[in-house]
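Participant: My structure is stored as model.txt, with compact mmCIF, C-alpha atoms.
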```
# COMPACT_ATOMS: atom_id res chain seq x y z
CA MET A 1 -13.14 1.83 -9.71
CA LEU A 2 -12.90 1.98 -5.91
CA GLY A 3 -13.51 -1.75 -5.72
CA ARG A 4 -10.80 -2.40 -8.31
CA CYS A 5 -8.32 -0.32 -6.29
CA VAL A 6 -9.07 -2.43 -3.21
CA GLN A 7 -8.57 -5.56 -5.31
CA ALA A 8 -5.20 -4.23 -6.48
CA LEU A 9 -3.92 -4.08 -2.90
CA GLY A 10 -4.42 -7.83 -2.56
CA ALA A 11 -3.16 -8.64 -6.06
CA ALA A 12 0.04 -6.65 -5.56
CA SER A 13 0.74 -8.22 -2.17
CA GLY A 14 0.40 -11.69 -3.64
CA LEU A 15 3.11 -11.05 -6.21
CA VAL A 16 5.56 -9.57 -3.71
CA ILE A 17 4.98 -12.00 -0.83
CA GLY A 18 4.96 -15.02 -3.13
CA ARG A 19 8.43 -14.19 -4.46
CA ALA A 20 9.75 -13.56 -0.95
CA LEU A 21 8.37 -16.91 0.26
CA ILE A 22 10.16 -18.74 -2.56
CA SER A 23 13.41 -16.95 -1.69
CA ASP A 24 12.94 -17.83 2.00
CA ARG A 25 12.32 -21.53 1.51
CA PHE A 26 14.47 -22.68 -1.41
CA SER A 27 18.04 -22.48 -2.68
CA LYS A 28 18.86 -20.23 -5.62
CA HIS A 29 18.92 -23.05 -8.18
CA GLU A 30 15.70 -24.56 -6.83
CA ALA A 31 14.08 -21.11 -6.83
CA ALA A 32 14.86 -20.69 -10.53
CA LYS A 33 13.01 -23.92 -11.35
CA ILE A 34 10.08 -22.94 -9.13
CA TYR A 35 9.82 -19.55 -10.84
CA ASN A 36 9.65 -21.44 -14.12
CA VAL A 37 6.47 -23.08 -12.83
CA VAL A 38 4.95 -20.06 -11.10
CA TYR A 39 5.56 -17.29 -13.60
CA PRO A 40 3.97 -18.89 -16.66
CA LEU A 41 0.83 -19.20 -14.53
CA VAL A 42 1.12 -15.51 -13.63
CA SER A 43 1.55 -14.66 -17.31
CA LEU A 44 -1.25 -17.03 -18.26
CA SER A 45 -3.87 -15.12 -16.30
CA PRO A 46 -3.93 -12.02 -18.57
CA ALA A 47 -4.11 -14.32 -21.58
CA LEU A 48 -7.03 -16.38 -20.27
CA ALA A 49 -8.89 -13.46 -18.70
CA PRO A 50 -10.15 -11.98 -22.01
CA ALA A 51 -11.39 -15.40 -23.12
CA ILE A 52 -13.24 -16.01 -19.85
CA GLY A 53 -14.53 -12.44 -19.65
CA GLY A 54 -15.65 -12.44 -23.28
CA TYR A 55 -17.53 -15.70 -22.80
CA LEU A 56 -19.22 -14.54 -19.58
CA THR A 57 -20.21 -11.23 -21.18
CA HIS A 58 -21.55 -12.97 -24.28
CA VAL A 59 -23.54 -15.64 -22.42
CA LEU A 60 -24.58 -13.77 -19.26
CA SER A 61 -23.60 -10.11 -18.76
CA TRP A 62 -20.58 -7.93 -18.01
CA ARG A 63 -21.46 -8.08 -14.29
CA TRP A 64 -20.52 -11.76 -14.20
CA SER A 65 -16.87 -10.90 -14.82
CA PHE A 66 -16.77 -9.23 -11.41
CA ILE A 67 -18.77 -12.01 -9.78
CA PHE A 68 -16.35 -14.58 -11.21
CA VAL A 69 -13.32 -12.68 -9.83
CA ALA A 70 -14.92 -12.47 -6.38
CA LEU A 71 -15.68 -16.19 -6.32
CA PHE A 72 -12.25 -17.11 -7.67
CA ALA A 73 -10.57 -15.03 -4.95
CA CYS A 74 -12.06 -17.37 -2.35
CA ILE A 75 -9.69 -20.14 -3.55
CA PRO A 76 -6.38 -18.39 -2.73
CA PHE A 77 -7.95 -17.03 0.46
CA ALA A 78 -8.71 -20.57 1.63
CA LEU A 79 -5.26 -21.83 0.59
CA VAL A 80 -3.48 -19.07 2.52
CA ALA A 81 -5.71 -19.47 5.57
CA PHE A 82 -5.42 -23.25 5.88
CA ARG A 83 -2.30 -24.38 3.99
CA LEU A 84 0.37 -21.65 4.04
CA LYS A 85 2.91 -21.93 6.86
CA GLU A 86 4.82 -18.97 8.27
CA SER A 87 8.47 -18.45 7.33
CA PRO A 88 11.10 -19.11 10.03
CA PRO A 89 10.93 -16.23 12.56
CA SER A 90 14.63 -15.35 12.37
CA HIS A 91 14.61 -15.09 8.60
CA ALA A 92 11.32 -13.19 8.58
CA HIS A 93 12.81 -10.64 10.97
CA SER A 94 15.90 -10.13 8.82
CA THR A 95 13.85 -9.62 5.66
CA ARG A 96 11.64 -7.02 7.36
CA THR A 97 14.71 -5.07 8.40
CA ALA A 98 16.19 -5.42 4.91
CA PHE A 99 13.04 -4.04 3.31
CA LEU A 100 13.64 -0.66 4.93
CA SER A 101 17.38 -0.46 4.39
CA GLY A 102 18.07 -2.29 1.11
CA LEU A 103 16.41 -0.09 -1.51
CA PRO A 104 19.38 2.26 -2.20
CA GLU A 105 21.72 -0.73 -2.54
CA LEU A 106 19.37 -2.45 -4.98
CA LEU A 107 18.96 0.65 -7.13
CA ARG A 108 22.75 0.81 -7.46
CA HIS A 109 23.12 -2.94 -8.09
CA ARG A 110 23.94 -3.41 -11.77
CA THR A 111 22.81 -7.05 -12.07
CA PHE A 112 19.52 -6.42 -10.26
CA MET A 113 18.68 -3.47 -12.50
CA LEU A 114 19.53 -5.31 -15.73
CA TYR A 115 17.41 -8.32 -14.82
CA THR A 116 14.62 -5.95 -13.80
CA MET A 117 14.88 -4.15 -17.14
CA VAL A 118 14.40 -7.44 -19.01
CA ALA A 119 11.36 -8.31 -16.89
CA CYS A 120 9.86 -4.84 -17.32
CA THR A 121 10.22 -4.75 -21.11
CA ILE A 122 8.63 -8.18 -21.59
CA TYR A 123 5.80 -7.39 -19.20
CA SER A 124 5.21 -3.96 -20.75
CA ALA A 125 5.07 -5.46 -24.25
CA TRP A 126 2.55 -8.02 -23.03
CA PHE A 127 0.23 -5.40 -21.52
CA VAL A 128 0.52 -3.04 -24.48
CA TYR A 129 -0.58 -5.99 -26.59
CA LEU A 130 -3.53 -6.74 -24.30
CA THR A 131 -4.67 -3.12 -24.66
CA GLN A 132 -4.01 -2.61 -28.37
CA SER A 133 -5.24 -5.99 -29.56
CA THR A 134 -8.78 -5.24 -28.39
CA PHE A 135 -9.02 -2.40 -30.92
CA ILE A 136 -7.13 -4.30 -33.61
CA PHE A 137 -9.42 -7.33 -33.43
CA HIS A 138 -12.45 -5.03 -33.51
CA SER A 139 -11.11 -3.34 -36.65
CA LEU A 140 -10.66 -6.78 -38.23
CA GLY A 141 -14.37 -7.46 -37.68
CA LEU A 142 -14.06 -10.01 -34.89
CA SER A 143 -16.65 -10.35 -32.15
CA GLU A 144 -15.78 -10.23 -28.45
CA LYS A 145 -16.15 -13.99 -28.18
CA GLN A 146 -13.93 -14.65 -31.22
CA ALA A 147 -11.29 -12.18 -30.07
CA GLY A 148 -11.27 -13.67 -26.58
CA TRP A 149 -10.27 -17.08 -27.88
CA LEU A 150 -7.41 -15.63 -29.89
CA TYR A 151 -5.55 -15.02 -26.62
CA VAL A 152 -5.51 -18.74 -25.85
CA PRO A 153 -2.90 -19.75 -28.50
CA LEU A 154 -0.45 -17.37 -26.86
CA THR A 155 -0.56 -19.51 -23.74
CA CYS A 156 1.01 -22.29 -25.79
CA GLY A 157 4.02 -20.04 -26.39
CA ILE A 158 4.24 -19.26 -22.67
CA PHE A 159 4.20 -22.92 -21.67
CA LEU A 160 6.57 -23.93 -24.46
CA GLY A 161 9.07 -21.28 -23.39
CA ASN A 162 8.67 -22.44 -19.80
CA PHE A 163 9.17 -26.10 -20.70
CA VAL A 164 12.28 -25.49 -22.80
CA SER A 165 13.91 -23.16 -20.27
CA LYS A 166 13.39 -25.69 -17.47
CA LYS A 167 15.09 -28.36 -19.57
CA LEU A 168 18.00 -26.03 -20.36
CA LEU A 169 18.64 -24.86 -16.79
CA ASP A 170 20.92 -27.82 -16.05
CA ARG A 171 22.71 -27.61 -19.40
CA MET A 172 23.30 -23.95 -20.23
CA GLY A 173 24.34 -20.77 -18.52
CA TYR A 174 21.46 -18.98 -16.82
CA ASP A 175 21.93 -15.71 -18.69
CA HIS A 176 22.26 -17.47 -22.04
CA ILE A 177 18.78 -18.96 -21.53
CA VAL A 178 17.48 -15.48 -20.79
CA GLY A 179 19.21 -14.35 -23.98
CA LEU A 180 17.50 -17.06 -26.06
CA GLY A 181 14.11 -15.91 -24.83
CA VAL A 182 14.93 -12.29 -25.61
CA ALA A 183 16.04 -13.38 -29.11
CA CYS A 184 12.51 -14.74 -29.65
CA PHE A 185 11.20 -11.41 -28.31
CA VAL A 186 13.26 -9.51 -30.91
CA ALA A 187 12.20 -11.91 -33.68
CA GLY A 188 8.55 -11.28 -32.88
CA GLY A 189 9.14 -7.53 -32.87
CA LEU A 190 10.84 -7.70 -36.27
CA VAL A 191 7.96 -9.69 -37.79
CA PHE A 192 5.53 -7.11 -36.40
CA ALA A 193 7.60 -4.22 -37.76
CA VAL A 194 8.03 -5.71 -41.26
CA ALA A 195 4.30 -6.45 -41.54
CA ALA A 196 3.46 -2.91 -40.39
CA TRP A 197 6.01 -1.39 -42.80
CA LEU A 198 4.44 -3.31 -45.69
CA GLY A 199 0.97 -2.24 -44.60
CA GLN A 200 -0.19 -5.77 -43.86
CA ALA A 201 -2.49 -6.46 -40.92
CA SER A 202 -4.37 -9.67 -40.30
CA THR A 203 -5.29 -12.00 -37.48
CA VAL A 204 -2.40 -14.31 -38.41
CA LEU A 205 0.09 -11.42 -38.45
CA VAL A 206 -1.02 -10.50 -34.95
CA ILE A 207 -0.98 -13.97 -33.40
CA VAL A 208 2.19 -15.41 -34.98
CA PRO A 209 4.67 -12.68 -33.93
CA MET A 210 2.99 -12.40 -30.54
CA ALA A 211 3.47 -16.15 -30.08
CA LEU A 212 7.23 -15.51 -30.44
CA VAL A 213 6.97 -12.81 -27.78
CA SER A 214 5.12 -15.33 -25.60
CA LEU A 215 8.17 -17.61 -25.71
CA ALA A 216 10.12 -14.85 -23.97
CA ASN A 217 7.24 -14.41 -21.55
CA GLY A 218 7.44 -18.07 -20.56
CA SER A 219 11.22 -18.20 -20.26
CA SER A 220 13.10 -14.92 -19.91
CA LEU A 221 10.47 -13.16 -17.79
CA SER A 222 10.42 -15.79 -15.05
CA LEU A 223 14.20 -16.21 -15.06
CA ALA A 224 14.78 -12.45 -15.02
CA VAL A 225 12.54 -12.02 -11.98
CA SER A 226 14.25 -14.94 -10.26
CA GLY A 227 17.67 -13.52 -11.10
CA ALA A 228 16.72 -10.06 -9.85
CA VAL A 229 15.48 -11.37 -6.48
CA ALA A 230 18.47 -13.69 -6.08
CA SER A 231 21.08 -11.12 -7.13
CA CYS A 232 21.08 -9.66 -3.59
CA PRO A 233 20.24 -12.46 -1.12
CA ARG A 234 20.55 -10.10 1.85
CA TRP A 235 17.78 -7.91 0.45
CA ALA A 236 15.49 -10.65 -0.92
CA ALA A 237 12.25 -9.11 0.41
CA SER A 238 13.20 -5.65 -0.82
CA ALA A 239 14.23 -7.05 -4.21
CA SER A 240 10.92 -8.90 -4.50
CA GLY A 241 8.93 -5.76 -3.75
CA LEU A 242 11.04 -3.49 -5.94
CA VAL A 243 11.08 -5.71 -9.02
CA GLY A 244 7.32 -6.14 -8.64
CA PHE A 245 6.84 -2.38 -8.38
CA PHE A 246 8.96 -1.74 -11.47
CA GLN A 247 7.31 -4.57 -13.39
CA ILE A 248 3.70 -3.56 -12.76
CA GLY A 249 4.45 0.18 -12.76
CA SER A 250 6.34 0.11 -16.05
CA ALA A 251 3.59 -1.95 -17.69
CA ALA A 252 0.89 0.48 -16.54
CA LEU A 253 2.90 3.55 -17.53
CA SER A 254 3.94 2.13 -20.91
CA THR A 255 0.41 1.07 -21.77
CA ALA A 256 -0.97 4.50 -20.93
CA LEU A 257 1.79 6.44 -22.72
CA VAL A 258 1.69 4.37 -25.90
CA SER A 259 -2.07 4.85 -26.24
CA LEU A 260 -1.94 8.52 -25.24
CA LEU A 261 0.93 9.49 -27.55
CA PHE A 262 0.30 7.25 -30.56
CA GLY A 263 -3.29 6.01 -30.30
CA THR A 264 -4.24 2.48 -31.25
CA GLY A 265 -3.66 0.26 -34.26
CA TYR A 266 -1.42 -2.37 -35.77
CA ARG A 267 1.49 -0.02 -36.51
CA VAL A 268 1.44 1.32 -32.96
CA LEU A 269 1.54 -2.20 -31.52
CA ALA A 270 4.22 -3.35 -33.97
CA PHE A 271 6.76 -0.64 -33.30
CA ALA A 272 6.04 -0.61 -29.56
CA ILE A 273 6.83 -4.34 -29.36
CA LEU A 274 10.01 -3.87 -31.40
CA GLY A 275 11.11 -0.98 -29.19
CA PHE A 276 10.67 -2.98 -25.99
CA ALA A 277 12.47 -5.94 -27.55
CA LEU A 278 15.51 -3.86 -28.49
CA VAL A 279 15.75 -2.46 -24.95
CA ALA A 280 15.63 -6.01 -23.57
CA LEU A 281 18.32 -7.05 -26.06
CA GLY A 282 20.57 -4.23 -24.90
CA ALA A 283 20.09 -5.24 -21.25
CA VAL A 284 20.93 -8.89 -21.95
CA ARG A 285 23.98 -7.92 -23.99
CA TRP A 286 25.22 -5.74 -21.14
CA LEU A 287 24.48 -8.54 -18.67
CA LEU A 288 26.44 -11.10 -20.68
CA ASP A 289 29.36 -8.73 -21.27
CA GLY A 290 29.68 -8.15 -17.53
CA ARG A 291 29.84 -11.85 -16.60
CA THR A 292 33.48 -12.46 -15.69
CA SER A 293 33.28 -14.62 -12.57
CA GLN A 294 31.23 -17.30 -10.84
CA SER A 295 29.72 -14.70 -8.49
CA ALA A 296 28.18 -12.94 -11.47
CA HIS A 297 25.77 -15.88 -11.91
CA PRO A 298 23.28 -15.53 -9.04
CA VAL A 299 21.19 -18.55 -10.02
CA GLY A 300 22.04 -21.84 -11.63
CA LYS A 301 25.23 -22.83 -13.32
CA PRO A 302 27.82 -20.34 -14.62
```
Translate the structure of the given file into structure tokens.
Facilitator:
Amino acid sequence: MLGRCVQALGAASGLVIGRALISDRFSKHEAAKIYNVVYPLVSLSPALAPAIGGYLTHVLSWRWSFIFVALFACIPFALVAFRLKESPPSHAHSTRTAFLSGLPELLRHRTFMLYTMVACTIYSAWFVYLTQSTFIFHSLGLSEKQAGWLYVPLTCGIFLGNFVSKKLLDRMGYDHIVGLGVACFVAGGLVFAVAAWLGQASTVLVIVPMALVSLANGSSLSLAVSGAVASCPRWAASASGLVGFFQIGSAALSTALVSLLFGTGYRVLAFAILGFALVALGAVRWLLDGRTSQSAHPVGKP
């Protein structure tokens, strides 16, 4: 556990610093397209991890999961050490100052908070699924190896959502693309809820609605994070850190509370996903209702 806490320090810094570097080096519209490449890869890691971990555990032992992570960490370490260039000194100085003084402004910034809410609900739904699905697949009689591979189809939804949103960025309003992804999120939640209400639970009825949620993961999540960071250019570093804190913190808290209060099972997962989806829908509706000027669109076209 101590080793995992040390790992978390590096993992958290990568998310925050990576977003700040993108904000430093690229325009708002370019940043949105870059997030559409980066964030599906971020979302892909929790989907692939169970498959890799299940295979390593099945073939070797559980210890090899930790060995694999340690070896894999050498790749980003080498890339940062030999390939990553420092941001311009003047801009780096301004973002360090902003980090200390921008938090109250961000917490009062309506657009930042709404984008952050969308990102948090999608990320929380994803991690609740990662926790609950382990018990659901076990109850359906699947082995660790079989269950691990069932996470892979969800990556198709992530990449499909990413591909479509990138194509739409030059054709549609930014927030409308976010809204389309959230609509898929709600659709997946409704399929989950109907199946749970009818007392149906199967591998198909887990994967199919979660694939719809994955479309939102590949589109709305990345765009919401990009929109949150870009909503206050003066506080880009603070926005990057704060949205990351809310995103990871809400996912951890939601996962713990759902399991603690309601236990595990298909019905728990179904109604949790639907609840998160409805919150995201409310945030997008409020975001769209408040768009009355060009300045209300921080990234992309109005």
Participant: To one decimal place in Å, what is the distance between atom CA of Met113 of chain A and atom CA of Met172 of chain A?
Facilitator: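 Calculated distance between atom CA of Met113 of chain A and atom CA of Met172 of chain A is 22.4 Å.
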Participant: At a cut-off of 9 Å, using only C-alpha atoms, what residues contact Ala272 of chain A? Leave out same-chain residues fewer than 3 positions from it and give the result as an MDAnalysis selection string.
Facilitator: chainID A and resid 125 128 189 258 267:269 275:277
Participant: Fewer than 4 positions away in the same chain doesn't count, so skip those; otherwise give me all residues within 10 Å of Ser133 of chain A, counting only C-alpha atoms, as a ChimeraX atom specification.
Facilitator: /A:127-129,137-139,147,150-151,203,206-207,264-266,269
Participant: Rounded to one decimal place, report the atom CA of Ser65 of chain A-atom CA of Gly3 of chain A distance in Å.
Facilitator: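 Atom CA of Gly3 of chain A lies at a distance of 13.3 Å from atom CA of Ser65 of chain A.
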Participant: What is the distance between atom CA of Thr155 of chain A and atom CA of Cys184 of chain A, in Å to one decimal?
Facilitator: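 Separation of atom CA of Thr155 of chain A and atom CA of Cys184 of chain A: 15.1 Å.
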Participant: Give the answer as one residue: which of A:Val16, A:Ala183, A:Leu160, A:Val178 has the shortest atom-to-atom distance to Phe246 of chain A, using all atoms listed in the file?
Facilitator: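 Closest candidate: A:Val16.
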Participant: For the point (12.2, -17.3, -19.9) in file coordinates, what residues are within 7 Å, counting all atoms listed in the file? Give the answer as a PyMOL selection string?
Facilitator: chain A and resi 161-162+165+177-178+181+216-223
Participant: List the residues sitting within 12 Å of (8.5, -5.2, -9.9) in the file's frame, using all atoms listed in the file, as a ChimeraX atom specification.
Facilitator: /A:12-13,15-17,19,112-113,115-121,123-124,221-222,224-226,228-229,237-252
Participant: When you count all atoms listed in the file, which of these residues is closest to Arg234 of chain A: A:Ala70, A:Glu105, A:Val213, A:Ala270?
Facilitator: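 Ranking A:Ala70, A:Glu105, A:Val213, A:Ala270 by distance to Arg234 of chain A, first place goes to A:Glu105.
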Participant: Closest to Gly263 of chain A among A:Ser61, A:Thr131, A:Gln200, A:Ser214, using all atoms listed in the file?
Facilitator: A:Thr131
Participant: Could you check which of A:Thr111, A:Gln7, A:Ser202, A:Gln132 is closest to Thr255 of chain A, using only C-alpha atoms?
Facilitator: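 Using only C-alpha atoms, the shortest distance to Thr255 of chain A belongs to A:Gln132.
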Participant: So, counting all atoms listed in the file, which residue among A:Leu215, A:Leu2, A:Leu21, A:Leu190 is closest to Leu84 of chain A?
Facilitator: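 That would be A:Leu21, the residue with the smallest distance to Leu84 of chain A.
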Participant: Write out N, CA and C atoms for segment 223-256 of chain A, as an mmCIF file, in the coordinates of the input.
Facilitator:
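The resulting file, result-v4.cif, is reproduced below:
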```cif
data_model
loop_
_atom_site.group_PDB
_atom_site.id
_atom_site.type_symbol
_atom_site.label_atom_id
_atom_site.label_comp_id
_atom_site.auth_asym_id
_atom_site.auth_seq_id
_atom_site.Cartn_x
_atom_site.Cartn_y
_atom_site.Cartn_z
ATOM 1 N N LEU A 223 12.799 -16.125 -15.457
ATOM 2 C CA LEU A 223 14.200 -16.210 -15.060
ATOM 3 C C LEU A 223 14.755 -14.846 -14.679
ATOM 4 N N ALA A 224 14.312 -13.795 -15.359
ATOM 5 C CA ALA A 224 14.780 -12.450 -15.020
ATOM 6 C C ALA A 224 14.304 -12.034 -13.638
ATOM 7 N N VAL A 225 13.052 -12.332 -13.322
ATOM 8 C CA VAL A 225 12.540 -12.020 -11.980
ATOM 9 C C VAL A 225 13.293 -12.820 -10.925
ATOM 10 N N SER A 226 13.495 -14.108 -11.192
ATOM 11 C CA SER A 226 14.250 -14.940 -10.260
ATOM 12 C C SER A 226 15.667 -14.416 -10.079
ATOM 13 N N GLY A 227 16.318 -14.048 -11.180
ATOM 14 C CA GLY A 227 17.670 -13.520 -11.100
ATOM 15 C C GLY A 227 17.742 -12.210 -10.358
ATOM 16 N N ALA A 228 16.741 -11.351 -10.545
ATOM 17 C CA ALA A 228 16.720 -10.060 -9.850
ATOM 18 C C ALA A 228 16.598 -10.251 -8.341
ATOM 19 N N VAL A 229 15.686 -11.133 -7.922
ATOM 20 C CA VAL A 229 15.480 -11.370 -6.480
ATOM 21 C C VAL A 229 16.708 -12.025 -5.870
ATOM 22 N N ALA A 230 17.331 -12.948 -6.617
ATOM 23 C CA ALA A 230 18.470 -13.690 -6.080
ATOM 24 C C ALA A 230 19.792 -12.935 -6.199
ATOM 25 N N SER A 231 19.813 -11.838 -6.928
ATOM 26 C CA SER A 231 21.080 -11.120 -7.130
ATOM 27 C C SER A 231 21.591 -10.493 -5.841
ATOM 28 N N CYS A 232 20.692 -10.219 -4.893
ATOM 29 C CA CYS A 232 21.080 -9.660 -3.590
ATOM 30 C C CYS A 232 20.375 -10.456 -2.497
ATOM 31 N N PRO A 233 20.916 -11.614 -2.118
ATOM 32 C CA PRO A 233 20.240 -12.460 -1.120
ATOM 33 C C PRO A 233 19.923 -11.744 0.178
ATOM 34 N N ARG A 234 20.780 -10.809 0.584
ATOM 35 C CA ARG A 234 20.550 -10.100 1.850
ATOM 36 C C ARG A 234 19.287 -9.261 1.792
ATOM 37 N N TRP A 235 18.949 -8.782 0.594
ATOM 38 C CA TRP A 235 17.780 -7.910 0.450
ATOM 39 C C TRP A 235 16.673 -8.603 -0.342
ATOM 40 N N ALA A 236 16.437 -9.886 -0.102
ATOM 41 C CA ALA A 236 15.490 -10.650 -0.920
ATOM 42 C C ALA A 236 14.081 -10.052 -0.876
ATOM 43 N N ALA A 237 13.607 -9.672 0.312
ATOM 44 C CA ALA A 237 12.250 -9.110 0.410
ATOM 45 C C ALA A 237 12.163 -7.770 -0.318
ATOM 46 N N SER A 238 13.183 -6.938 -0.137
ATOM 47 C CA SER A 238 13.200 -5.650 -0.820
ATOM 48 C C SER A 238 13.262 -5.844 -2.335
ATOM 49 N N ALA A 239 14.109 -6.793 -2.775
ATOM 50 C CA ALA A 239 14.230 -7.050 -4.210
ATOM 51 C C ALA A 239 12.912 -7.536 -4.783
ATOM 52 N N SER A 240 12.214 -8.409 -4.055
ATOM 53 C CA SER A 240 10.920 -8.900 -4.500
ATOM 54 C C SER A 240 9.919 -7.762 -4.674
ATOM 55 N N GLY A 241 9.856 -6.888 -3.665
ATOM 56 C CA GLY A 241 8.930 -5.760 -3.750
ATOM 57 C C GLY A 241 9.301 -4.784 -4.846
ATOM 58 N N LEU A 242 10.609 -4.501 -4.978
ATOM 59 C CA LEU A 242 11.040 -3.490 -5.940
ATOM 60 C C LEU A 242 10.877 -3.962 -7.376
ATOM 61 N N VAL A 243 11.246 -5.216 -7.656
ATOM 62 C CA VAL A 243 11.080 -5.710 -9.020
ATOM 63 C C VAL A 243 9.600 -5.790 -9.375
ATOM 64 N N GLY A 244 8.752 -6.132 -8.388
ATOM 65 C CA GLY A 244 7.320 -6.140 -8.640
ATOM 66 C C GLY A 244 6.778 -4.747 -8.927
ATOM 67 N N PHE A 245 7.262 -3.763 -8.156
ATOM 68 C CA PHE A 245 6.840 -2.380 -8.380
ATOM 69 C C PHE A 245 7.242 -1.903 -9.776
ATOM 70 N N PHE A 246 8.497 -2.151 -10.144
ATOM 71 C CA PHE A 246 8.960 -1.740 -11.470
ATOM 72 C C PHE A 246 8.206 -2.477 -12.573
ATOM 73 N N GLN A 247 7.972 -3.752 -12.371
ATOM 74 C CA GLN A 247 7.310 -4.570 -13.390
ATOM 75 C C GLN A 247 5.886 -4.093 -13.655
ATOM 76 N N ILE A 248 5.088 -3.986 -12.595
ATOM 77 C CA ILE A 248 3.700 -3.560 -12.760
ATOM 78 C C ILE A 248 3.630 -2.080 -13.140
ATOM 79 N N GLY A 249 4.463 -1.257 -12.475
ATOM 80 C CA GLY A 249 4.450 0.180 -12.760
ATOM 81 C C GLY A 249 4.844 0.496 -14.182
ATOM 82 N N SER A 250 5.895 -0.159 -14.682
ATOM 83 C CA SER A 250 6.340 0.110 -16.050
ATOM 84 C C SER A 250 5.292 -0.341 -17.062
ATOM 85 N N ALA A 251 4.629 -1.469 -16.781
ATOM 86 C CA ALA A 251 3.590 -1.950 -17.690
ATOM 87 C C ALA A 251 2.418 -0.972 -17.746
ATOM 88 N N ALA A 252 1.994 -0.481 -16.575
ATOM 89 C CA ALA A 252 0.890 0.480 -16.540
ATOM 90 C C ALA A 252 1.259 1.785 -17.234
ATOM 91 N N LEU A 253 2.460 2.287 -16.934
ATOM 92 C CA LEU A 253 2.900 3.550 -17.530
ATOM 93 C C LEU A 253 3.083 3.413 -19.038
ATOM 94 N N SER A 254 3.709 2.328 -19.472
ATOM 95 C CA SER A 254 3.940 2.130 -20.910
ATOM 96 C C SER A 254 2.633 2.008 -21.670
ATOM 97 N N THR A 255 1.702 1.240 -21.114
ATOM 98 C CA THR A 255 0.410 1.070 -21.770
ATOM 99 C C THR A 255 -0.311 2.397 -21.935
ATOM 100 N N ALA A 256 -0.292 3.205 -20.875
ATOM 101 C CA ALA A 256 -0.970 4.500 -20.930
ATOM 102 C C ALA A 256 -0.282 5.451 -21.910
#
```
